[in-house]
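Next comes data-v5.tsv, a file with TSV, C-alpha atoms.
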chain	number	residue	atom	x	y	z
V	57	MET	CA	18.82	-5.36	3.42
V	58	ALA	CA	20.26	-4.14	0.14
V	59	ILE	CA	23.28	-5.95	-1.27
V	60	LEU	CA	25.92	-5.56	-3.94
V	61	ALA	CA	26.48	-8.81	-5.81
V	62	GLN	CA	29.80	-8.97	-7.62
V	63	LEU	CA	29.39	-10.40	-11.11
V	64	ILE	CA	32.11	-12.41	-12.84
V	65	ASP	CA	31.06	-13.45	-16.34
V	66	ASP	CA	27.50	-12.48	-15.32
V	67	VAL	CA	27.57	-14.96	-12.45
V	68	VAL	CA	27.29	-13.78	-8.85
V	69	ALA	CA	30.67	-14.39	-7.20
V	70	THR	CA	30.46	-12.48	-3.91
V	71	LYS	CA	27.71	-10.67	-2.07
V	72	PHE	CA	28.32	-7.57	0.04
V	73	GLU	CA	25.65	-6.46	2.49
V	74	LEU	CA	25.19	-2.69	2.65
V	75	ASP	CA	24.87	-2.64	6.42
V	76	LYS	CA	26.79	0.51	7.35
V	77	PRO	CA	26.02	4.21	6.84
V	78	ALA	CA	29.12	4.52	4.62
V	79	LEU	CA	31.01	1.83	2.72
V	80	SER	CA	34.18	2.51	0.80
V	81	ILE	CA	35.02	0.62	-2.38
V	82	GLY	CA	38.63	0.37	-3.58
V	83	ARG	CA	41.87	-1.55	-3.78
V	84	HIS	CA	43.20	-0.46	-0.38
V	85	PRO	CA	42.90	-3.10	2.38
V	86	SER	CA	41.05	-0.63	4.59
V	87	CYS	CA	38.13	-0.47	2.15
V	88	ASP	CA	34.83	-2.06	3.20
V	89	ILE	CA	34.56	-3.63	-0.25
V	90	GLN	CA	38.08	-4.43	-1.39
V	91	ILE	CA	38.77	-5.20	-5.05
V	92	THR	CA	42.28	-6.47	-5.73
V	93	ASP	CA	42.54	-5.20	-9.28
V	94	SER	CA	45.23	-2.77	-10.43
V	95	ALA	CA	42.66	-0.86	-12.50
V	96	VAL	CA	40.79	-0.03	-9.27
V	97	SER	CA	41.98	3.03	-7.34
V	98	GLY	CA	42.92	2.78	-3.66
V	99	GLN	CA	39.79	4.71	-2.70
V	100	HIS	CA	37.58	4.31	-5.77
V	101	ALA	CA	33.93	4.92	-4.82
V	102	LEU	CA	31.72	5.52	-1.82
V	103	ILE	CA	28.34	3.99	-0.97
V	104	GLU	CA	26.15	5.90	1.49
V	105	VAL	CA	23.10	4.38	3.20
V	106	GLU	CA	20.65	6.97	4.54
V	107	ALA	CA	17.25	6.69	6.22
V	108	ASN	CA	14.63	8.58	4.21
V	109	SER	CA	13.63	11.60	6.25
V	110	HIS	CA	10.06	11.58	4.88
V	111	ILE	CA	9.01	7.93	4.91
V	112	ASP	CA	9.56	5.70	7.93
V	113	GLY	CA	11.34	2.44	7.18
V	114	ILE	CA	12.66	3.50	3.78
V	115	VAL	CA	16.40	3.62	3.18
V	116	ASP	CA	18.02	5.44	0.25
V	117	ILE	CA	21.38	4.28	-1.05
V	118	PHE	CA	23.71	6.59	-2.94
V	119	ILE	CA	26.96	6.09	-4.79
V	120	SER	CA	29.65	8.60	-5.69
V	121	ASP	CA	33.02	8.28	-7.36
V	122	ALA	CA	35.95	9.10	-5.06
V	123	GLY	CA	38.12	10.63	-7.78
V	124	SER	CA	39.14	7.30	-9.27
V	125	THR	CA	41.45	6.96	-12.26
V	126	ASN	CA	39.29	4.61	-14.31
V	127	GLY	CA	35.86	5.79	-13.25
V	128	SER	CA	32.67	4.42	-11.72
V	129	PHE	CA	29.53	3.73	-13.73
V	130	VAL	CA	25.86	2.92	-13.20
V	131	ASN	CA	24.24	1.14	-16.12
V	132	GLU	CA	27.34	2.15	-18.14
V	133	GLU	CA	26.78	5.85	-17.43
V	134	PRO	CA	29.69	7.58	-15.66
V	135	ILE	CA	28.94	8.68	-12.11
V	136	THR	CA	29.63	12.40	-12.03
V	137	GLY	CA	27.95	13.34	-8.75
V	138	ARG	CA	26.07	11.65	-5.96
V	139	ARG	CA	23.58	9.27	-7.50
V	140	ARG	CA	20.73	7.35	-5.92
V	141	LEU	CA	20.84	3.62	-6.67
V	142	SER	CA	17.72	1.76	-7.79
V	143	ASN	CA	16.91	-1.92	-7.68
V	144	ASN	CA	18.61	-4.06	-10.36
V	145	GLU	CA	21.07	-1.40	-11.50
V	146	VAL	CA	24.53	-2.57	-12.51
V	147	ILE	CA	27.50	-0.73	-11.02
V	148	ARG	CA	30.89	-0.90	-12.70
V	149	ILE	CA	34.05	-0.08	-10.74
V	150	ALA	CA	36.77	0.19	-13.38
V	151	TRP	CA	36.13	-3.20	-15.08
V	152	ASN	CA	34.43	-4.93	-12.13
V	153	SER	CA	30.64	-5.23	-12.23
V	154	PHE	CA	28.18	-5.41	-9.34
V	155	HIS	CA	24.46	-5.98	-9.32
V	156	PHE	CA	22.58	-3.72	-6.87
V	157	ILE	CA	19.66	-5.54	-5.25
V	158	GLU	CA	17.24	-3.62	-3.05
V	159	ASP	CA	14.86	-5.56	-0.84
V	160	GLU	CA	12.05	-2.99	-1.11
V	161	SER	CA	9.65	-3.73	-3.94
V	162	PRO	CA	8.34	-0.82	-5.98
V	163	ASP	CA	5.22	0.77	-4.53
V	164	LEU	CA	3.12	2.34	-7.23
V	165	GLU	CA	0.03	2.97	-5.15
V	166	LYS	CA	-0.44	6.65	-4.50
V	167	THR	CA	-0.51	7.44	-0.81
V	168	ALA	CA	-0.64	10.70	1.07
V	169	TYR	CA	1.34	11.31	4.22
V	170	THR	CA	1.08	14.13	6.64
V	171	LEU	CA	4.43	15.69	7.32
V	172	THR	CA	5.09	17.29	10.65
Z	72	MET	CA	-14.91	22.47	-25.23
Z	73	MET	CA	-16.73	25.54	-24.13
Z	74	PRO	CA	-16.92	28.96	-25.66
Z	75	LEU	CA	-17.25	31.61	-23.00
Z	76	SER	CA	-18.48	35.04	-23.93
Z	77	HIS	CA	-16.69	37.72	-21.97
Z	78	SER	CA	-17.29	41.43	-21.94
Z	79	ASN	CA	-14.21	41.64	-24.15
Z	80	PRO	CA	-13.95	39.72	-27.43
Z	81	SER	CA	-11.74	37.02	-25.92
Z	82	THR	CA	-12.98	33.51	-25.44
Z	83	VAL	CA	-11.96	30.60	-23.25
Z	84	HIS	CA	-11.98	27.18	-24.84
Z	85	ILE	CA	-11.74	24.02	-22.80
Z	86	ALA	CA	-11.34	20.37	-23.68
Z	87	GLY	CA	-10.57	17.45	-21.40
Z	88	LEU	CA	-10.45	13.69	-21.06
Z	89	SER	CA	-9.71	11.08	-18.43
Z	90	HIS	CA	-8.72	7.47	-19.11
Z	91	SER	CA	-8.11	4.51	-16.80
Z	92	GLY	CA	-4.78	3.82	-18.55
Z	93	THR	CA	-3.12	0.65	-19.72
Z	94	VAL	CA	-2.73	-1.15	-16.38
Z	95	ARG	CA	-5.60	-0.20	-14.09
Z	96	THR	CA	-9.25	-1.07	-14.61
Z	97	GLU	CA	-10.64	1.57	-12.26
Z	98	ASN	CA	-10.36	5.26	-13.05
Z	99	GLU	CA	-9.74	7.29	-9.89
Z	100	ASP	CA	-9.08	10.49	-11.84
Z	101	ALA	CA	-11.84	12.93	-12.70
Z	102	VAL	CA	-12.01	16.06	-14.83
Z	103	TYR	CA	-14.76	18.66	-14.91
Z	104	TRP	CA	-15.33	22.24	-16.03
Z	105	TRP	CA	-18.21	24.66	-16.15
Z	106	HIS	CA	-19.17	28.26	-16.74
Z	107	GLU	CA	-21.03	30.44	-14.26
Z	108	SER	CA	-22.63	32.48	-17.01
Z	109	ASP	CA	-24.18	35.24	-14.88
Z	110	GLN	CA	-20.80	36.12	-13.39
Z	111	ASP	CA	-18.81	35.07	-16.47
Z	112	ILE	CA	-16.46	32.89	-14.42
Z	113	CYS	CA	-15.02	29.72	-15.88
Z	114	PHE	CA	-13.97	26.90	-13.55
Z	115	GLY	CA	-12.05	23.70	-14.20
Z	116	ILE	CA	-11.05	20.84	-11.90
Z	117	LEU	CA	-8.72	17.89	-12.24
Z	118	ALA	CA	-8.65	15.46	-9.32
Z	119	ASP	CA	-6.60	12.29	-8.94
Z	120	GLY	CA	-8.07	10.15	-6.19
Z	121	MET	CA	-6.21	7.70	-3.97
Z	122	GLY	CA	-6.95	5.30	-1.18
Z	123	GLY	CA	-8.01	1.99	-2.61
Z	124	HIS	CA	-10.28	0.51	-5.21
Z	125	LYS	CA	-13.44	2.54	-4.53
Z	126	GLY	CA	-12.11	5.24	-2.25
Z	127	GLY	CA	-9.99	6.99	-4.85
Z	128	ALA	CA	-12.83	7.35	-7.34
Z	129	LEU	CA	-15.19	8.52	-4.61
Z	130	ALA	CA	-12.72	11.13	-3.32
Z	131	SER	CA	-12.15	12.71	-6.73
Z	132	GLU	CA	-15.87	12.78	-7.56
Z	133	LEU	CA	-16.76	14.08	-4.10
Z	134	SER	CA	-14.31	16.93	-4.50
Z	135	ILE	CA	-15.82	17.92	-7.83
Z	136	GLN	CA	-19.43	17.69	-6.65
Z	137	THR	CA	-18.75	19.67	-3.49
Z	138	ILE	CA	-16.73	22.37	-5.20
Z	139	ARG	CA	-19.28	22.77	-7.97
Z	140	SER	CA	-22.20	23.07	-5.55
Z	141	PHE	CA	-20.32	25.50	-3.35
Z	142	THR	CA	-19.13	27.76	-6.16
Z	143	ARG	CA	-22.55	27.80	-7.80
Z	144	ALA	CA	-24.12	29.16	-4.62
Z	145	ALA	CA	-21.24	31.48	-3.74
Z	146	SER	CA	-20.93	32.91	-7.24
Z	147	GLU	CA	-24.41	34.43	-6.95
Z	148	HIS	CA	-22.89	36.89	-4.50
Z	149	PHE	CA	-19.69	37.41	-6.45
Z	150	GLN	CA	-18.25	40.86	-5.74
Z	151	GLN	CA	-16.47	41.18	-9.10
Z	152	SER	CA	-12.99	41.14	-7.58
Z	153	LEU	CA	-10.01	38.83	-7.84
Z	154	GLU	CA	-9.75	38.65	-4.05
Z	155	HIS	CA	-13.34	37.53	-3.68
Z	156	LEU	CA	-12.94	34.86	-6.34
Z	157	GLU	CA	-9.88	33.54	-4.50
Z	158	LYS	CA	-11.92	33.40	-1.29
Z	159	ILE	CA	-14.72	31.50	-3.02
Z	160	MET	CA	-12.29	28.97	-4.47
Z	161	ALA	CA	-10.47	28.49	-1.16
Z	162	ALA	CA	-13.74	28.04	0.74
Z	163	ALA	CA	-15.07	25.60	-1.87
Z	164	SER	CA	-11.90	23.52	-1.61
Z	165	GLU	CA	-12.07	23.53	2.17
Z	166	ALA	CA	-15.68	22.31	1.94
Z	167	ALA	CA	-14.51	19.45	-0.31
Z	168	ASN	CA	-11.72	18.68	2.15
Z	169	GLU	CA	-14.26	18.40	4.97
Z	170	ALA	CA	-16.63	16.27	2.87
Z	171	ILE	CA	-13.87	13.76	2.15
Z	172	GLN	CA	-12.78	13.69	5.78
Z	173	GLN	CA	-16.35	13.10	6.88
Z	174	ALA	CA	-16.72	10.19	4.44
Z	175	ARG	CA	-13.40	8.77	5.69
Z	176	ALA	CA	-14.64	8.91	9.27
Z	177	GLU	CA	-18.04	7.38	8.53
Z	178	GLN	CA	-17.03	4.50	6.27
Z	179	PRO	CA	-14.08	2.25	7.19
Z	180	GLU	CA	-13.51	1.18	3.57
Z	181	PHE	CA	-12.80	4.80	2.69
Z	182	LYS	CA	-10.53	5.57	5.65
Z	183	ASP	CA	-7.44	6.13	3.49
Z	184	MET	CA	-9.00	8.06	0.65
Z	185	GLY	CA	-7.97	11.49	-0.55
Z	186	THR	CA	-7.41	13.29	-3.79
Z	187	THR	CA	-5.09	15.70	-5.50
Z	188	LEU	CA	-6.66	18.89	-6.78
Z	189	VAL	CA	-5.94	21.41	-9.48
Z	190	PHE	CA	-8.78	23.93	-9.33
Z	191	ILE	CA	-8.73	26.66	-11.97
Z	192	GLY	CA	-10.79	29.85	-12.01
Z	193	ILE	CA	-10.79	32.28	-14.93
Z	194	TRP	CA	-12.46	35.65	-14.67
Z	195	ASN	CA	-11.82	38.45	-17.12
Z	196	GLU	CA	-8.15	37.87	-17.88
Z	197	ASN	CA	-7.35	36.63	-14.40
Z	198	LEU	CA	-6.27	33.06	-13.88
Z	199	ILE	CA	-6.38	31.57	-10.37
Z	200	ILE	CA	-4.86	28.18	-9.58
Z	201	LEU	CA	-5.58	26.38	-6.32
Z	202	HIS	CA	-3.39	23.31	-5.91
Z	203	ALA	CA	-2.79	20.39	-3.54
Z	204	GLY	CA	-1.02	17.13	-4.39
Z	205	ASP	CA	1.01	16.12	-7.41
Z	206	SER	CA	-1.27	16.89	-10.34
Z	207	ARG	CA	0.15	19.71	-12.41
Z	208	CYS	CA	-0.72	22.85	-14.33
Z	209	TYR	CA	1.55	24.07	-17.14
Z	210	LEU	CA	1.36	27.40	-18.95
Z	211	LEU	CA	2.13	27.53	-22.67
Z	212	PRO	CA	2.56	31.23	-23.33
Z	213	SER	CA	1.61	32.59	-26.71
Z	214	PRO	CA	4.78	34.56	-27.62
Z	215	LEU	CA	6.88	31.40	-27.51
Z	216	ARG	CA	5.06	29.86	-30.43
Z	217	ASP	CA	7.39	31.36	-33.01
Z	218	GLN	CA	10.46	30.73	-30.88
Z	219	LEU	CA	9.48	27.09	-30.53
Z	220	ALA	CA	9.48	26.63	-34.28
Z	221	GLN	CA	13.07	27.80	-34.43
Z	222	SER	CA	14.56	26.12	-31.40
Z	223	ASN	CA	14.29	23.09	-29.17
Z	224	ARG	CA	13.72	25.12	-26.04
Z	225	PRO	CA	10.87	23.99	-23.82
Z	226	ALA	CA	7.91	26.24	-24.49
Z	227	TYR	CA	6.11	25.77	-21.20
Z	228	THR	CA	6.27	26.74	-17.55
Z	229	GLN	CA	5.13	24.57	-14.66
Z	230	LEU	CA	2.85	26.73	-12.54
Z	231	THR	CA	2.34	24.24	-9.72
Z	232	ARG	CA	4.79	22.55	-7.40
Z	233	ASP	CA	4.26	18.91	-6.49
Z	234	ASP	CA	3.42	18.14	-2.87
Z	235	SER	CA	5.43	14.93	-2.97
Z	236	VAL	CA	8.26	13.22	-1.12
Z	237	VAL	CA	10.32	13.29	-4.31
Z	238	GLN	CA	9.86	17.06	-4.69
Z	239	SER	CA	10.89	17.56	-1.06
Z	240	MET	CA	14.02	15.46	-1.66
Z	241	LEU	CA	14.80	17.45	-4.80
Z	242	ASP	CA	14.40	20.68	-2.83
Z	243	GLU	CA	16.78	19.35	-0.18
Z	244	GLY	CA	19.31	18.30	-2.83
Z	245	VAL	CA	19.17	14.66	-1.69
Z	246	ILE	CA	18.39	13.44	-5.20
Z	247	THR	CA	18.76	14.82	-8.72
Z	248	PRO	CA	16.04	15.09	-11.41
Z	249	GLU	CA	17.69	12.12	-13.18
Z	250	ASP	CA	17.00	9.94	-10.12
Z	251	VAL	CA	13.25	10.65	-10.12
Z	252	PRO	CA	11.95	8.14	-12.72
Z	253	ASN	CA	13.56	5.23	-10.83
Z	254	ILE	CA	12.42	6.06	-7.33
Z	255	PRO	CA	9.86	3.47	-6.22
Z	256	TYR	CA	8.01	5.81	-3.85
Z	257	ARG	CA	7.72	8.67	-6.34
Z	258	ASN	CA	3.93	8.60	-5.92
Z	259	ARG	CA	4.06	9.30	-2.20
Z	260	LEU	CA	2.41	12.64	-1.48
Z	261	THR	CA	2.97	15.07	1.33
Z	262	ASN	CA	-0.39	16.77	0.90
Z	263	ALA	CA	-3.82	16.13	-0.62
Z	264	LEU	CA	-7.51	16.92	-0.11
Z	265	GLY	CA	-9.06	14.94	2.72
Z	266	ILE	CA	-5.79	14.37	4.57
Z	267	LYS	CA	-5.38	17.43	6.80
Z	268	SER	CA	-7.68	19.88	8.52
Z	269	PRO	CA	-7.66	22.70	7.73
Z	270	LEU	CA	-6.75	22.11	4.12
Z	271	VAL	CA	-3.22	23.07	3.11
Z	272	TYR	CA	-3.07	24.40	-0.42
Z	273	SER	CA	-1.20	26.79	-2.66
Z	274	LEU	CA	-3.03	29.58	-4.42
Z	275	ALA	CA	-1.59	31.66	-7.24
Z	276	SER	CA	-3.05	34.21	-9.61
Z	277	HIS	CA	-1.72	35.11	-13.04
Z	278	LYS	CA	-2.79	37.08	-16.08
Z	279	PHE	CA	-4.08	34.71	-18.73
Z	280	SER	CA	-3.00	36.51	-21.88
Z	281	GLU	CA	-4.44	36.23	-25.37
Z	282	GLY	CA	-3.15	33.16	-27.19
Z	283	SER	CA	-1.93	31.38	-24.04
Z	284	SER	CA	-2.91	27.84	-23.16
Z	285	LEU	CA	-3.00	25.79	-19.97
Z	286	LEU	CA	-2.31	22.07	-19.70
Z	287	ILE	CA	-3.64	20.50	-16.51
Z	288	CYS	CA	-2.75	16.84	-16.02
Z	289	SER	CA	-2.46	13.98	-13.56
Z	290	ASP	CA	0.81	12.19	-12.82
Z	291	GLY	CA	-0.23	9.29	-15.02
Z	292	PHE	CA	0.09	11.68	-17.93
Z	293	TYR	CA	3.26	13.63	-17.13
Z	294	GLN	CA	5.18	10.54	-16.02
Z	295	ALA	CA	4.55	8.97	-19.42
Z	296	VAL	CA	4.72	11.92	-21.82
Z	297	SER	CA	7.55	14.38	-22.37
Z	298	MET	CA	6.33	17.94	-21.91
Z	299	ASN	CA	8.35	18.93	-24.98
Z	300	ASP	CA	6.27	16.52	-27.06
Z	301	ALA	CA	3.02	17.59	-25.41
Z	302	SER	CA	3.63	21.33	-25.80
Z	303	ARG	CA	4.66	20.89	-29.42
Z	304	LEU	CA	1.39	19.08	-30.19
Z	305	ILE	CA	-0.67	21.75	-28.45
Z	306	TYR	CA	1.13	24.58	-30.27
Z	307	ASP	CA	0.65	22.77	-33.58
Z	308	GLN	CA	-3.02	21.83	-33.17
Z	309	GLY	CA	-4.52	24.31	-30.71
Z	310	VAL	CA	-6.93	23.67	-27.86
Z	311	ASN	CA	-9.59	21.24	-28.98
Z	312	GLN	CA	-10.91	17.78	-28.19
Z	313	LYS	CA	-8.85	16.13	-30.90
Z	314	THR	CA	-5.64	17.47	-29.35
Z	315	VAL	CA	-6.70	16.18	-25.93
Z	316	GLU	CA	-7.46	12.75	-27.38
Z	317	GLN	CA	-4.04	12.65	-29.02
Z	318	LEU	CA	-2.33	13.68	-25.79
Z	319	ILE	CA	-4.07	10.90	-23.88
Z	320	GLN	CA	-3.17	8.46	-26.65
Z	321	MET	CA	0.49	9.49	-26.30
Z	322	SER	CA	0.41	8.48	-22.63
Z	323	LEU	CA	-1.31	5.18	-23.50
Z	324	ASP	CA	1.23	4.46	-26.24
Z	325	ASN	CA	3.97	5.06	-23.67
Z	326	GLN	CA	2.33	2.47	-21.38
Z	327	THR	CA	1.37	4.75	-18.53
Z	328	ASN	CA	0.92	2.62	-15.42
Z	329	ASP	CA	-1.67	4.93	-13.87
Z	330	ASN	CA	-4.91	6.68	-14.76
Z	331	THR	CA	-4.17	9.50	-17.18
Z	332	SER	CA	-6.08	12.78	-17.48
Z	333	VAL	CA	-5.75	16.09	-19.28
Z	334	ILE	CA	-7.62	19.38	-19.43
Z	335	LEU	CA	-6.61	22.01	-21.97
Z	336	MET	CA	-7.69	25.62	-21.64
Z	337	GLY	CA	-7.04	28.13	-24.38
Z	338	PHE	CA	-7.55	31.84	-24.01
Z	339	GLY	CA	-8.41	33.85	-27.09
Z	340	ALA	CA	-7.84	33.13	-30.73
Z	341	ASP	CA	-5.77	29.96	-30.32
Z	342	ALA	CA	-8.74	27.69	-29.78
Z	343	ALA	CA	-9.91	26.71	-33.21
Z	344	TYR	CA	-13.09	24.77	-32.56
Z	345	VAL	CA	-16.22	25.49	-30.62
Z	346	GLN	CA	-18.42	22.86	-29.04
Z	347	GLN	CA	-20.80	22.77	-26.11
Z	348	ALA	CA	-19.32	21.64	-22.79
Z	349	VAL	CA	-20.53	18.34	-21.45
Z	350	PRO	CA	-20.31	16.92	-17.92
Z	351	SER	CA	-17.13	15.15	-16.95
Z	352	GLU	CA	-18.82	11.74	-16.77
Z	353	LYS	CA	-18.95	11.73	-20.55
Z	354	HIS	CA	-15.27	12.50	-20.68
Z	355	ASN	CA	-14.17	9.63	-18.48
Z	356	LYS	CA	-13.24	6.50	-20.40
Take the structure in the file and write it out as structure tokens.
Amino acid sequence: MAILAQLIDDVVATKFELDKPALSIGRHPSCDIQITDSAVSGQHALIEVEANSHIDGIVDIFISDAGSTNGSFVNEEPITGRRRLSNNEVIRIAWNSFHFIEDESPDLEKTAYTLT
Amino acid sequence: MMPLSHSNPSTVHIAGLSHSGTVRTENEDAVYWWHESDQDICFGILADGMGGHKGGALASELSIQTIRSFTRAASEHFQQSLEHLEKIMAAASEAANEAIQQARAEQPEFKDMGTTLVFIGIWNENLIILHAGDSRCYLLPSPLRDQLAQSNRPAYTQLTRDDSVVQSMLDEGVITPEDVPNIPYRNRLTNALGIKSPLVYSLASHKFSEGSSLLICSDGFYQAVSMNDASRLIYDQGVNQKTVEQLIQMSLDNQTNDNTSVILMGFGADAAYVQQAVPSEKHNK
């Protein structure tokens, strides 16, 4: 299962398992991943976990900014739309950093599937 | 490279190369081209095999051998029409599809093999492209040469559409083009030769105008080399073996993690050098 590992001074402080179809990130207590930081908006960002419709057993994970004041970033690039997350990318929510860790290893072998 | 004498003064020049790349020791790609001189038809094939250590190389070679044999026999009865040439190319590709499926069924070690295919036919000024898989064909049209010198606009058009999971997800709007380089399953195909019966393919015909060039390549090339850089080199240097060697070297310098292959075809005056064509085996490094 993919996780978000919160980094404080580049050390993993807390791990969040991405175990629901949609996880909200923000300062509000109702958020799945709550960050008690005044720079973080109440509803700051959204993580979506979706089964790949073409390959059995593969899950794609997307992040989008929820109209936050101080922005959301992947590898220091602002998130402007819905963006697919890849293994080892660093997400920044305002000034809070998370390491995205995907349990699927890259598969570089070419394979052909028959779609129905 | 191959000069082809047509009834008109135009000439087709071809150069190609395939390389195992910087990571893999086995080359599962194959390139080949030939001229049916009696009918004045020029054919070219790029195939990127898959399915394990030996299977991939066998599938790409089997597709080339089968298609060449089929077209050689069928071309003797060529009816001098675009429609008939399309039928010959489709039937040849279906024969290759069946040959690969038969080998898969007979030999357990080849049970997962298949290959992509870009199969080009040029007759008079007609260009036919038969495609399955994720190898690509780009057109570099002649009139853009001057525009390219004055702007940074891409001077190429992709004539084929990848049969890949990533392309399907792009079509559905699930991912953006910026996501593609980081997707671990970007090499997963939705179609290839040897996978389905009957063969599913796309077939398109175009006019191949004087001064235009074609770049046919495997994913090991286009995933490592920017098409802006590639098209600029081709416009600068023309269609010749030296250009092909430099293109392949670009992909090697960029540490391509797959086999990398290129065929260039130039129609008309753009091709600067003339050499005799040689079989693809001599072009595989």
task = Have a look at V:Asn152, V:Asn108, V:Ser80, V:Asn126 and name the one nearest to chain Z; count all atoms listed in the file.
result = V:Asn108
request  = Can you pull out every residue within 12 Å of Ile112 of chain Z, counting all atoms listed in the file, but drop anything in the same chain fewer than 6 positions away, and send it as a ChimeraX atom specification?
outcome  = /Z:74-78,82-83,104-106,142-143,145-147,149-153,156-157,159-160,191-199
task = For chain Z, list the residues within 8 Å of chain V, counting only C-alpha atoms, and write the list as a PyMOL selection string.
result = chain Z and resi 121-122+185+236+246-247+250+253-263+266-267
May I have the selected residues written with C-alpha atoms, as a CSV table (one decimal), in the frame of the given file?
chain,number,residue,atom,x,y,z
Z,121,MET,CA,-6.2,7.7,-4.0
Z,122,GLY,CA,-7.0,5.3,-1.2
Z,185,GLY,CA,-8.0,11.5,-0.6
Z,236,VAL,CA,8.3,13.2,-1.1
Z,246,ILE,CA,18.4,13.4,-5.2
Z,247,THR,CA,18.8,14.8,-8.7
Z,250,ASP,CA,17.0,9.9,-10.1
Z,253,ASN,CA,13.6,5.2,-10.8
Z,254,ILE,CA,12.4,6.1,-7.3
Z,255,PRO,CA,9.9,3.5,-6.2
Z,256,TYR,CA,8.0,5.8,-3.8
Z,257,ARG,CA,7.7,8.7,-6.3
Z,258,ASN,CA,3.9,8.6,-5.9
Z,259,ARG,CA,4.1,9.3,-2.2
Z,260,LEU,CA,2.4,12.6,-1.5
Z,261,THR,CA,3.0,15.1,1.3
Z,262,ASN,CA,-0.4,16.8,0.9
Z,263,ALA,CA,-3.8,16.1,-0.6
Z,266,ILE,CA,-5.8,14.4,4.6
Z,267,LYS,CA,-5.4,17.4,6.8
key: Counting all atoms listed in the file, the residue of Z:Asn325, Z:Ser213, Z:Ser239, Z:Gln320 that sits nearest Tyr306 of chain Z   =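 Distance minimum relative to Tyr306 of chain Z lands on Z:Ser213.
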Between atom CA of Ala144 of chain Z and atom CA of Leu201 of chain Z, distance in Å (one decimal) =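 Going from atom CA of Ala144 of chain Z over to atom CA of Leu201 of chain Z, I get 18.8 Å.
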query = Quick one: residues within 9 Å of Glu132 of chain Z, only C-alpha atoms counted, chain neighbours fewer than 5 positions away excluded, as number ranges by chain?
reply = Z: 99-102, 118, 120, 127, 137
task = Work out how far apart atom CA of Glu180 of chain Z and atom CA of Gly87 of chain Z are and give it in Å to one decimal.
result = 29.9 Å
request  = Could you please determine the separation between atom CA of Ala150 of chain V and atom CA of Ser94 of chain V in Å, to one decimal place?
outcome  = 9.4 Å
